[in-house]
file final.txt (compact mmCIF, C-alpha atoms and all ligand atoms)
# COMPACT_ATOMS: atom_id res chain seq x y z
CA MET T 1 65.91 -172.46 71.77
CA ASP T 2 63.71 -169.48 70.95
CA PHE T 3 60.50 -168.61 72.74
CA ALA T 4 58.04 -169.31 69.91
CA LYS T 5 59.44 -172.78 69.35
CA VAL T 6 59.23 -173.65 73.03
CA GLN T 7 55.70 -172.24 73.16
CA ASP T 8 54.65 -174.72 70.46
CA LEU T 9 56.38 -177.62 72.19
CA VAL T 10 54.74 -176.77 75.51
CA LYS T 11 51.30 -177.07 73.90
CA ILE T 12 52.08 -180.75 73.43
CA HIS T 13 54.29 -181.56 76.41
CA GLY T 14 53.26 -179.14 79.18
CA THR T 15 55.58 -177.81 81.89
CA PRO T 16 57.94 -178.10 83.62
CA THR T 17 59.85 -179.74 80.78
CA LEU T 18 63.49 -179.88 79.78
CA PHE T 19 63.70 -179.98 76.00
CA LEU T 20 66.80 -181.80 74.88
CA SER T 21 67.93 -180.70 71.43
CA GLU T 22 69.59 -183.69 69.85
CA SER T 23 71.21 -181.61 67.10
CA ARG T 24 72.60 -179.13 69.64
CA LEU T 25 74.08 -181.97 71.68
CA ARG T 26 75.75 -183.48 68.63
CA GLU T 27 77.01 -180.04 67.63
CA SER T 28 78.60 -179.43 71.07
CA TYR T 29 80.32 -182.79 70.95
CA ARG T 30 81.59 -182.29 67.40
CA THR T 31 82.70 -178.73 68.10
CA LEU T 32 84.86 -179.81 71.02
CA LYS T 33 86.17 -182.77 69.07
CA ALA T 34 87.24 -180.44 66.26
CA ALA T 35 88.68 -177.92 68.73
CA LEU T 36 90.83 -180.61 70.37
CA PRO T 37 92.05 -182.76 67.47
CA GLY T 38 93.56 -186.05 68.56
CA VAL T 39 92.19 -185.76 72.11
CA VAL T 40 89.96 -188.63 73.23
CA LEU T 41 86.80 -187.26 74.84
CA TYR T 42 85.40 -189.05 77.89
CA TYR T 43 82.03 -187.41 78.56
CA ALA T 44 81.65 -186.77 82.32
CA LEU T 45 78.39 -188.48 83.21
CA LYS T 46 78.18 -186.48 86.43
CA SER T 47 77.02 -183.36 84.56
CA ASN T 48 73.93 -185.07 83.13
CA ALA T 49 73.48 -188.83 83.09
CA SER T 50 70.14 -188.90 81.23
CA PRO T 51 69.90 -192.07 79.15
CA GLU T 52 68.88 -189.94 76.14
CA ILE T 53 72.21 -188.06 76.31
CA VAL T 54 74.20 -191.25 76.82
CA SER T 55 72.62 -192.89 73.79
CA ILE T 56 73.15 -189.88 71.50
CA LEU T 57 76.80 -189.55 72.59
CA ASP T 58 77.20 -193.29 72.14
CA SER T 59 76.21 -192.84 68.51
CA GLU T 60 78.85 -190.08 68.24
CA ASP T 61 81.40 -192.66 69.43
CA SER T 62 82.14 -190.73 72.61
CA SER T 63 83.93 -192.35 75.52
CA PHE T 64 82.68 -191.91 79.09
CA ASP T 65 84.06 -190.72 82.43
CA ILE T 66 82.38 -192.51 85.32
CA CYS T 67 82.73 -192.15 89.09
CA THR T 68 80.23 -194.50 90.74
CA ASN T 69 78.50 -197.85 90.51
CA GLY T 70 75.29 -196.03 89.61
CA GLU T 71 76.95 -194.41 86.61
CA ILE T 72 78.33 -197.79 85.57
CA GLU T 73 74.78 -199.20 85.70
CA ILE T 74 73.63 -196.45 83.33
CA LEU T 75 76.34 -197.36 80.79
CA LYS T 76 75.59 -201.06 81.18
CA SER T 77 71.93 -200.51 80.37
CA ALA T 78 73.04 -198.62 77.27
CA ASN T 79 75.28 -201.57 76.29
CA ILE T 80 78.39 -199.43 76.32
CA SER T 81 81.63 -201.34 76.55
CA ALA T 82 83.96 -200.65 79.48
CA ASP T 83 86.79 -200.21 76.97
CA ARG T 84 85.36 -196.75 76.36
CA THR T 85 85.44 -195.71 80.02
CA ILE T 86 87.72 -194.41 82.73
CA HIS T 87 86.91 -194.34 86.43
CA THR T 88 87.89 -190.97 87.87
CA HIS T 89 86.69 -190.92 91.46
CA PRO T 90 89.79 -190.40 93.61
CA ILE T 91 88.17 -192.04 96.69
CA LYS T 92 86.61 -195.50 96.44
CA ARG T 93 85.59 -198.45 98.58
CA ASP T 94 87.06 -201.86 97.78
CA SER T 95 83.58 -202.91 96.63
CA ASP T 96 83.49 -199.95 94.20
CA ILE T 97 86.83 -200.97 92.69
CA ARG T 98 85.64 -204.56 92.29
CA PHE T 99 82.36 -203.49 90.73
CA ALA T 100 84.19 -201.35 88.16
CA LEU T 101 86.73 -204.13 87.46
CA ASP T 102 83.91 -206.64 86.94
CA TYR T 103 82.42 -204.29 84.38
CA GLY T 104 85.84 -204.13 82.71
CA VAL T 105 87.20 -200.69 83.61
CA LYS T 106 90.99 -200.61 83.33
CA ILE T 107 91.94 -197.04 84.21
CA PHE T 108 91.41 -195.60 87.69
CA VAL T 109 92.44 -192.46 89.55
CA ALA T 110 94.18 -191.91 92.90
CA ASP T 111 95.46 -188.85 94.69
CA ASN T 112 96.92 -190.25 97.93
CA GLU T 113 98.83 -193.19 99.36
CA ASP T 114 95.93 -194.88 101.14
CA GLU T 115 94.07 -195.03 97.86
CA LEU T 116 97.11 -196.60 96.15
CA LEU T 117 97.10 -199.41 98.71
CA LYS T 118 93.49 -200.24 97.84
CA PHE T 119 94.64 -201.13 94.30
CA LEU T 120 97.33 -203.62 95.37
CA PRO T 121 95.14 -206.75 95.18
CA TYR T 122 94.20 -205.85 91.60
CA LYS T 123 97.46 -204.42 90.35
CA ASP T 124 97.69 -206.64 87.29
CA LYS T 125 94.23 -205.66 86.13
CA LEU T 126 94.41 -201.89 86.17
CA LYS T 127 96.41 -198.75 85.49
CA ILE T 128 96.39 -195.57 87.49
CA LEU T 129 96.25 -191.90 86.72
CA ILE T 130 97.55 -189.67 89.51
CA ARG T 131 95.23 -186.70 90.03
CA MET T 132 97.06 -183.44 90.52
CA SER T 133 95.30 -180.44 92.08
CA ILE T 134 95.28 -177.19 90.15
CA GLN T 135 93.93 -174.40 92.31
CA ASN T 136 91.49 -172.09 90.57
CA PRO T 137 89.77 -170.00 93.23
CA GLY T 138 88.48 -167.51 90.65
CA CYS T 139 86.50 -170.21 88.89
CA LEU T 140 82.76 -170.85 89.26
CA VAL T 141 83.45 -174.33 90.67
CA ASN T 142 86.93 -175.12 92.02
CA LEU T 143 87.26 -178.88 91.64
CA SER T 144 90.69 -179.02 93.25
CA HIS T 145 89.43 -177.93 96.66
CA LYS T 146 88.42 -181.45 97.56
CA PHE T 147 90.66 -183.68 95.43
CA GLY T 148 94.11 -183.86 93.97
CA VAL T 149 97.67 -183.99 95.23
CA ALA T 150 99.66 -180.74 95.16
CA PRO T 151 101.73 -180.38 91.96
CA GLU T 152 104.97 -180.37 93.98
CA ARG T 153 103.99 -183.68 95.58
CA THR T 154 102.66 -185.39 92.46
CA TRP T 155 105.99 -186.85 91.39
CA ASP T 156 106.53 -188.37 94.87
CA LEU T 157 103.15 -190.07 94.68
CA ILE T 158 103.89 -191.45 91.21
CA ARG T 159 107.19 -192.85 92.48
CA LYS T 160 105.42 -194.33 95.50
CA ALA T 161 102.88 -196.03 93.23
CA ASP T 162 105.69 -197.38 91.07
CA ASP T 163 107.56 -198.66 94.16
CA LEU T 164 104.39 -200.49 95.18
CA GLY T 165 104.40 -202.27 91.83
CA LEU T 166 101.37 -200.40 90.50
CA SER T 167 101.27 -199.39 86.89
CA VAL T 168 101.09 -195.60 86.59
CA ALA T 169 99.65 -194.73 83.21
CA GLY T 170 99.57 -190.99 83.57
CA ILE T 171 98.58 -187.75 85.19
CA SER T 172 95.14 -186.15 85.42
CA PHE T 173 93.87 -182.80 86.62
CA HIS T 174 90.72 -180.68 86.58
CA ALA T 175 91.37 -177.00 85.98
CA GLY T 176 88.02 -175.93 87.52
CA SER T 177 84.52 -176.08 86.06
CA GLN T 178 83.25 -173.26 83.82
CA ASN T 179 86.91 -172.29 83.70
CA GLU T 180 87.18 -169.24 81.48
CA SER T 181 90.96 -169.22 81.12
CA PRO T 182 92.79 -171.67 78.85
CA MET T 183 95.99 -170.64 80.64
CA LYS T 184 94.91 -172.79 83.61
CA TYR T 185 95.39 -175.88 81.41
CA ILE T 186 98.81 -174.60 80.35
CA GLU T 187 99.77 -174.07 83.99
CA ALA T 188 98.83 -177.69 84.72
CA LEU T 189 100.59 -178.97 81.61
CA GLU T 190 103.78 -177.18 82.67
CA TYR T 191 103.77 -179.27 85.84
CA CYS T 192 103.04 -182.41 83.79
CA ARG T 193 106.03 -181.73 81.56
CA ASP T 194 108.36 -181.52 84.51
CA ILE T 195 106.92 -184.70 86.03
CA CYS T 196 107.16 -186.58 82.72
CA THR T 197 110.85 -185.71 82.48
CA LYS T 198 111.46 -187.08 85.96
CA ALA T 199 109.44 -190.20 85.19
CA ALA T 200 111.35 -190.87 81.97
CA LEU T 201 114.66 -190.66 83.86
CA ARG T 202 113.42 -193.29 86.28
CA GLY T 203 112.02 -195.53 83.57
CA ILE T 204 108.38 -194.94 84.50
CA ASP T 205 106.37 -194.96 81.32
CA ILE T 206 103.85 -192.11 81.46
CA GLN T 207 101.54 -192.54 78.47
CA ILE T 208 98.41 -190.57 79.29
CA ILE T 209 97.84 -186.92 80.05
CA ASP T 210 94.25 -186.32 81.12
CA ILE T 211 93.39 -182.62 80.85
CA GLY T 212 90.05 -183.07 82.65
CA GLY T 213 86.92 -181.03 82.02
CA GLY T 214 86.11 -177.44 82.85
CA PHE T 215 85.45 -176.06 79.35
CA PRO T 216 83.06 -173.09 79.67
CA ILE T 217 79.71 -172.34 78.02
CA ASN T 218 77.57 -169.24 77.53
CA TYR T 219 75.22 -168.41 80.37
CA ILE T 220 74.30 -164.78 81.03
CA THR T 221 77.76 -163.78 79.82
CA SER T 222 79.45 -165.24 76.75
CA VAL T 223 82.75 -167.06 76.75
CA LEU T 224 85.35 -167.66 74.03
CA PRO T 225 84.26 -169.96 71.20
CA MET T 226 85.73 -173.45 71.78
CA ALA T 227 88.09 -173.32 68.78
CA LYS T 228 89.66 -170.14 70.13
CA PHE T 229 89.62 -171.33 73.74
CA CYS T 230 91.45 -174.54 72.85
CA ARG T 231 94.03 -173.01 70.53
CA PRO T 232 96.74 -172.34 73.18
CA ILE T 233 96.11 -175.77 74.70
CA ASN T 234 96.58 -177.45 71.32
CA GLU T 235 99.71 -175.48 70.62
CA TYR T 236 101.20 -176.53 73.92
CA LEU T 237 100.23 -180.17 73.41
CA GLU T 238 101.70 -180.17 69.91
CA ARG T 239 104.94 -178.70 71.13
CA TYR T 240 105.54 -180.90 74.16
CA PHE T 241 103.22 -183.90 74.24
CA THR T 242 103.16 -185.43 70.76
CA ASN T 243 104.25 -188.81 72.10
CA TYR T 244 101.46 -189.07 74.66
CA THR T 245 97.83 -190.11 74.56
CA ILE T 246 95.83 -187.03 75.48
CA ILE T 247 92.37 -187.45 76.91
CA ALA T 248 89.77 -185.05 78.36
CA GLU T 249 86.70 -185.38 80.59
CA PRO T 250 84.28 -182.71 79.36
CA GLY T 251 80.90 -182.48 81.05
CA ARG T 252 79.28 -179.05 81.02
CA VAL T 253 80.48 -178.01 77.55
CA ILE T 254 78.69 -181.03 76.06
CA SER T 255 75.53 -181.34 78.14
CA GLY T 256 75.03 -177.68 79.11
CA PRO T 257 73.86 -175.99 75.91
CA CYS T 258 71.53 -178.76 74.71
CA MET T 259 68.72 -178.39 77.25
CA THR T 260 66.09 -175.66 77.51
CA LEU T 261 63.69 -175.48 80.42
CA ALA T 262 60.07 -174.47 79.95
CA ALA T 263 58.31 -173.43 83.16
CA LYS T 264 55.04 -171.67 83.86
CA ILE T 265 53.85 -169.20 86.45
CA MET T 266 51.38 -171.02 88.66
CA GLY T 267 50.52 -168.16 91.00
CA ARG T 268 51.35 -164.58 91.90
CA SER T 269 51.00 -162.26 94.84
CA LEU T 270 51.66 -158.55 95.36
CA ARG T 271 53.50 -158.48 98.67
CA ASN T 272 54.70 -155.15 100.13
CA GLY T 273 54.76 -153.57 96.67
CA VAL T 274 56.77 -156.41 95.11
CA TRP T 275 55.29 -158.90 92.66
CA TRP T 276 56.02 -162.46 93.71
CA TYR T 277 55.66 -165.06 90.97
CA TYR T 278 55.62 -168.76 91.79
CA LEU T 279 56.97 -171.00 89.03
CA ASP T 280 56.22 -174.69 88.57
CA GLU T 281 59.97 -175.42 88.72
CA GLY T 282 62.44 -174.33 91.39
CA LEU T 283 65.61 -174.75 93.38
CA TYR T 284 64.78 -178.32 94.36
CA GLY T 285 64.23 -179.17 90.69
CA SER T 286 66.19 -178.17 87.57
CA PHE T 287 67.31 -174.93 89.21
CA SER T 288 69.31 -176.94 91.75
CA GLY T 289 72.29 -175.79 89.67
CA LYS T 290 71.72 -172.26 90.95
CA MET T 291 72.47 -173.62 94.39
CA TYR T 292 75.18 -176.22 93.81
CA ASP T 293 76.71 -175.10 90.55
CA HIS T 294 76.37 -171.32 91.10
CA ALA T 295 75.04 -170.99 87.56
CA ASP T 296 72.76 -168.22 86.33
CA TYR T 297 70.65 -169.22 83.36
CA PRO T 298 69.51 -166.86 80.59
CA MET T 299 65.75 -166.29 80.76
CA ILE T 300 63.25 -165.32 78.05
CA SER T 301 59.71 -164.15 78.72
CA GLY T 302 56.99 -163.43 76.20
CA ARG T 303 55.81 -160.20 77.88
CA SER T 304 56.90 -156.63 77.42
CA GLY T 305 55.82 -153.30 78.88
CA ARG T 306 56.41 -151.40 82.07
CA ARG T 307 58.64 -153.26 84.49
CA HIS T 308 58.10 -153.87 88.18
CA ASN T 309 60.33 -155.01 90.98
CA SER T 310 59.67 -158.74 91.13
CA VAL T 311 60.65 -162.02 92.70
CA LEU T 312 60.66 -165.39 90.94
CA ALA T 313 60.21 -168.29 93.32
CA GLY T 314 59.95 -172.05 92.96
CA PRO T 315 56.86 -174.12 93.79
CA THR T 316 57.83 -175.81 97.07
CA CYS T 317 56.74 -174.66 100.52
CA ASP T 318 60.33 -173.92 101.56
CA SER T 319 61.47 -170.29 101.79
CA ILE T 320 64.90 -171.04 100.39
CA ASP T 321 63.21 -171.97 97.12
CA VAL T 322 63.56 -168.51 95.58
CA LEU T 323 65.26 -168.12 92.19
CA TYR T 324 65.59 -164.39 91.60
CA GLU T 325 64.95 -161.45 93.93
CA ASN T 326 65.01 -157.81 92.91
CA ILE T 327 64.57 -158.49 89.24
CA SER T 328 62.64 -156.17 87.05
CA LEU T 329 59.89 -157.87 85.02
CA PRO T 330 56.86 -156.79 83.03
CA LEU T 331 53.57 -157.66 84.72
CA MET T 332 53.14 -161.42 84.30
CA GLU T 333 49.94 -163.43 84.28
CA ILE T 334 49.22 -166.82 85.77
CA GLY T 335 49.93 -169.44 83.09
CA ASP T 336 52.69 -167.36 81.44
CA LEU T 337 55.58 -169.31 80.02
CA LEU T 338 59.22 -168.63 80.92
CA VAL T 339 62.08 -170.17 78.95
CA PHE T 340 65.56 -170.78 80.34
CA ASN T 341 68.47 -171.78 78.12
CA SER T 342 71.80 -173.54 78.83
CA MET T 343 70.10 -175.81 81.35
CA GLY T 344 71.68 -179.17 80.55
CA ALA T 345 74.59 -179.38 82.97
CA TYR T 346 74.28 -179.87 86.73
CA THR T 347 70.53 -179.15 86.65
CA THR T 348 68.39 -182.26 86.33
CA ALA T 349 71.44 -184.19 87.59
CA SER T 350 71.07 -182.71 91.07
CA ALA T 351 67.28 -182.19 91.04
CA SER T 352 65.03 -183.93 93.57
CA ASN T 353 61.32 -184.58 94.02
CA PHE T 354 61.22 -182.68 97.30
CA ASN T 355 57.78 -181.79 98.62
CA GLY T 356 56.13 -184.09 96.09
CA PHE T 357 57.07 -182.10 92.99
CA PRO T 358 58.44 -184.59 90.47
CA LYS T 359 61.56 -183.80 88.45
CA ALA T 360 60.92 -182.01 85.16
CA LYS T 361 60.44 -184.49 82.36
CA ILE T 362 62.93 -184.64 79.52
CA VAL T 363 61.71 -184.54 75.92
CA VAL T 364 64.07 -185.03 72.98
CA VAL T 365 63.46 -182.63 70.09
CA ASP T 366 65.22 -181.75 66.78
C1 LIG V 1 82.90 -182.87 87.31
C2 LIG V 1 84.06 -183.52 86.69
C3 LIG V 1 84.28 -183.42 85.30
C4 LIG V 1 83.44 -182.58 84.38
O1 LIG V 1 83.72 -181.23 84.56
P1 LIG V 1 83.07 -180.11 83.63
O2 LIG V 1 83.54 -178.85 84.25
O3 LIG V 1 81.59 -180.29 83.69
O4 LIG V 1 83.59 -180.29 82.25
C5 LIG V 1 85.35 -184.09 84.77
N1 LIG V 1 86.16 -184.85 85.53
C6 LIG V 1 85.97 -184.98 86.86
C7 LIG V 1 86.89 -185.85 87.63
C8 LIG V 1 84.92 -184.31 87.48
O5 LIG V 1 84.76 -184.44 88.80
call {"tool": "encode", "arguments": {"input": "final.txt", "output": "structure tokens"}}
result
Amino acid sequence: MDFAKVQDLVKIHGTPTLFLSESRLRESYRTLKAALPGVVLYYALKSNASPEIVSILDSEDSSFDICTNGEIEILKSANISADRTIHTHPIKRDSDIRFALDYGVKIFVADNEDELLKFLPYKDKLKILIRMSIQNPGCLVNLSHKFGVAPERTWDLIRKADDLGLSVAGISFHAGSQNESPMKYIEALEYCRDICTKAALRGIDIQIIDIGGGFPINYITSVLPMAKFCRPINEYLERYFTNYTIIAEPGRVISGPCMTLAAKIMGRSLRNGVWWYYLDEGLYGSFSGKMYDHADYPMISGRSGRRHNSVLAGPTCDSIDVLYENISLPLMEIGDLLVFNSMGAYTTASASNFNGFPKAKIVVVD
């Protein structure tokens, strides 16, 4: 969103505010849908579970990827049927499984034998995807560090599940979040191909390939447009997986671009020759993604002129709450507006009200 537009909106809504562009959200969803024809999209609620986003995606007919009872509650309050959901947390308590089954979820994920055993009492009510780990250390967020069974061991786990009498519906993976290389998906799909061949020989009916999330968006640096990014993935799917149901769990690529943060400078101080500016939003708020998600958001200011070595800090009394050090900024005044784009994913989702600063409000525009 451009500066002038946000300036007008701030006159009405104040700061800190996250402006949610409904049209931008719909556009992201439709762009990915078009880039991955035939792939069922389960929006990963983890990236941003705001009810406004859920309801807009509901009207786009999106499906949903949920991990917790809390996320199920959000879908229930939006009257979304469990038929449009999958449960993808690889580690669950028995009570979590029952809660999801009561809601009506039918597809769950496991990545180890202990987790398979937890499903035994409910084996007629559910199907399982086996989560394979795909290492991506070069990626912003490597989601296979904590979960997933090694590709070489995935087939063994599928066979184990089948021996236990569980119904294995397919294979899932997450190629890493803000993953800039489509070849990571191909690498994972190569493993899937091999596993599917083995499964077919043993009469195990693999129906679903879940290619996860990870699709990248523009932050400070731009990434490939989605159509181009997805082209090699589509080609591979068309060549080898035409008889399978292909699903994906996109989070960031859908929720990321649609939110713009407006924040204001609430104080400043010249300390040892460096201008310190204190914003009304910080690391404990929407900028929590700087900490947890390692994201760097594009910033726009309305000032120009000679630049000074500056620091941008958040509002709380904690010293860790510093957003940018050693940045060069024109001289800013108290009350100046700063605008940050691409702030929809892993921002408000992990924000807190630490130190008595409430989370930034969300206002739907466009
Ligand atoms: C976080 C997560 C996603 C969403 O990942 P993005 O990189 O935001 O697209 C999808 N699936 C699972 C299992 C996740 O943990």
call {"tool": "closest_residue", "arguments": {"input": "final.txt", "among": "T:Leu201, T:Ala110, T:Leu312, T:Cys196", "to": "ligand LIG 1 (chain V)", "atoms": "all atoms listed in the file"}}
result
T:Ala110
call {"tool": "residues_around", "arguments": {"input": "final.txt", "residues": "T:Ile91", "least_positions_apart": "3", "cutoff": "10 Å", "atoms": "all atoms listed in the file", "output": "ChimeraX atom specification"}}
result
/T:67,88,94,96-97,109-112,114-115,118,147
call {"tool": "residues_near_ligand", "arguments": {"input": "final.txt", "ligand": "ligand LIG 1 (chain V)", "cutoff": "10 Å", "atoms": "all atoms listed in the file", "output": "number ranges by chain"}}
result
T: 42-48, 65-67, 86-90, 109, 131, 140-144, 146-148, 172-179, 210-217, 248-256, 293, 345-346
call {"tool": "write_last_selection", "arguments": {"input": "final.txt", "atoms": "C-alpha atoms", "output": "compact mmCIF listing (two decimals), in the frame of the given file"}}
result
# COMPACT_ATOMS: atom_id res chain seq x y z
CA TYR T 42 85.40 -189.05 77.89
CA TYR T 43 82.03 -187.41 78.56
CA ALA T 44 81.65 -186.77 82.32
CA LEU T 45 78.39 -188.48 83.21
CA LYS T 46 78.18 -186.48 86.43
CA SER T 47 77.02 -183.36 84.56
CA ASN T 48 73.93 -185.07 83.13
CA ASP T 65 84.06 -190.72 82.43
CA ILE T 66 82.38 -192.51 85.32
CA CYS T 67 82.73 -192.15 89.09
CA ILE T 86 87.72 -194.41 82.73
CA HIS T 87 86.91 -194.34 86.43
CA THR T 88 87.89 -190.97 87.87
CA HIS T 89 86.69 -190.92 91.46
CA PRO T 90 89.79 -190.40 93.61
CA VAL T 109 92.44 -192.46 89.55
CA ARG T 131 95.23 -186.70 90.03
CA LEU T 140 82.76 -170.85 89.26
CA VAL T 141 83.45 -174.33 90.67
CA ASN T 142 86.93 -175.12 92.02
CA LEU T 143 87.26 -178.88 91.64
CA SER T 144 90.69 -179.02 93.25
CA LYS T 146 88.42 -181.45 97.56
CA PHE T 147 90.66 -183.68 95.43
CA GLY T 148 94.11 -183.86 93.97
CA SER T 172 95.14 -186.15 85.42
CA PHE T 173 93.87 -182.80 86.62
CA HIS T 174 90.72 -180.68 86.58
CA ALA T 175 91.37 -177.00 85.98
CA GLY T 176 88.02 -175.93 87.52
CA SER T 177 84.52 -176.08 86.06
CA GLN T 178 83.25 -173.26 83.82
CA ASN T 179 86.91 -172.29 83.70
CA ASP T 210 94.25 -186.32 81.12
CA ILE T 211 93.39 -182.62 80.85
CA GLY T 212 90.05 -183.07 82.65
CA GLY T 213 86.92 -181.03 82.02
CA GLY T 214 86.11 -177.44 82.85
CA PHE T 215 85.45 -176.06 79.35
CA PRO T 216 83.06 -173.09 79.67
CA ILE T 217 79.71 -172.34 78.02
CA ALA T 248 89.77 -185.05 78.36
CA GLU T 249 86.70 -185.38 80.59
CA PRO T 250 84.28 -182.71 79.36
CA GLY T 251 80.90 -182.48 81.05
CA ARG T 252 79.28 -179.05 81.02
CA VAL T 253 80.48 -178.01 77.55
CA ILE T 254 78.69 -181.03 76.06
CA SER T 255 75.53 -181.34 78.14
CA GLY T 256 75.03 -177.68 79.11
CA ASP T 293 76.71 -175.10 90.55
CA ALA T 345 74.59 -179.38 82.97
CA TYR T 346 74.28 -179.87 86.73
call {"tool": "residues_around", "arguments": {"input": "final.txt", "residues": "T:Glu73", "least_positions_apart": "4", "cutoff": "12 Å", "atoms": "all atoms listed in the file", "output": "PyMOL selection string"}}
result
chain T and resi 45+49+51+54+66-69+77-82+99-100+102-103
call {"tool": "closest_residue", "arguments": {"input": "final.txt", "among": "T:Glu113, T:Asp58, T:Asp336, T:Glu325", "to": "T:Thr85", "atoms": "only C-alpha atoms"}}
result
T:Asp58
call {"tool": "residues_near_point", "arguments": {"input": "final.txt", "point": "(104.2, -198.1, 92.7)", "cutoff": "10 Å", "atoms": "only C-alpha atoms", "output": "PyMOL selection string"}}
result
chain T and resi 113+116-117+120+123+128+157-168+204
call {"tool": "closest_residue", "arguments": {"input": "final.txt", "among": "T:Ser301, T:Ser350, T:Asn341, T:Thr245", "to": "T:Cys258", "atoms": "only C-alpha atoms"}}
result
T:Asn341
call {"tool": "residues_near_point", "arguments": {"input": "final.txt", "point": "(56.5, -153.3, 88.3)", "cutoff": "8 Å", "atoms": "all atoms listed in the file", "output": "mmCIF file with C-alpha atoms, keeping the file's coordinate frame"}}
result
data_model
loop_
_atom_site.group_PDB
_atom_site.id
_atom_site.type_symbol
_atom_site.label_atom_id
_atom_site.label_comp_id
_atom_site.auth_asym_id
_atom_site.auth_seq_id
_atom_site.Cartn_x
_atom_site.Cartn_y
_atom_site.Cartn_z
ATOM 1 C CA VAL T 274 56.770 -156.410 95.110
ATOM 2 C CA TRP T 275 55.290 -158.900 92.660
ATOM 3 C CA ARG T 306 56.410 -151.400 82.070
ATOM 4 C CA ARG T 307 58.640 -153.260 84.490
ATOM 5 C CA HIS T 308 58.100 -153.870 88.180
ATOM 6 C CA ASN T 309 60.330 -155.010 90.980
ATOM 7 C CA SER T 310 59.670 -158.740 91.130
ATOM 8 C CA SER T 328 62.640 -156.170 87.050
ATOM 9 C CA LEU T 329 59.890 -157.870 85.020
ATOM 10 C CA PRO T 330 56.860 -156.790 83.030
ATOM 11 C CA LEU T 331 53.570 -157.660 84.720
#
call {"tool": "residues_around", "arguments": {"input": "final.txt", "residues": "T:Pro358", "least_positions_apart": "2", "cutoff": "12 Å", "atoms": "all atoms listed in the file", "output": "PyMOL selection string"}}
result
chain T and resi 15-17+280-282+284-286+315-316+348+351-356+360-362
call {"tool": "closest_residue", "arguments": {"input": "final.txt", "among": "T:Met1, T:Ala34, T:Val223, T:Ile74", "to": "T:Leu18", "atoms": "all atoms listed in the file"}}
result
T:Met1
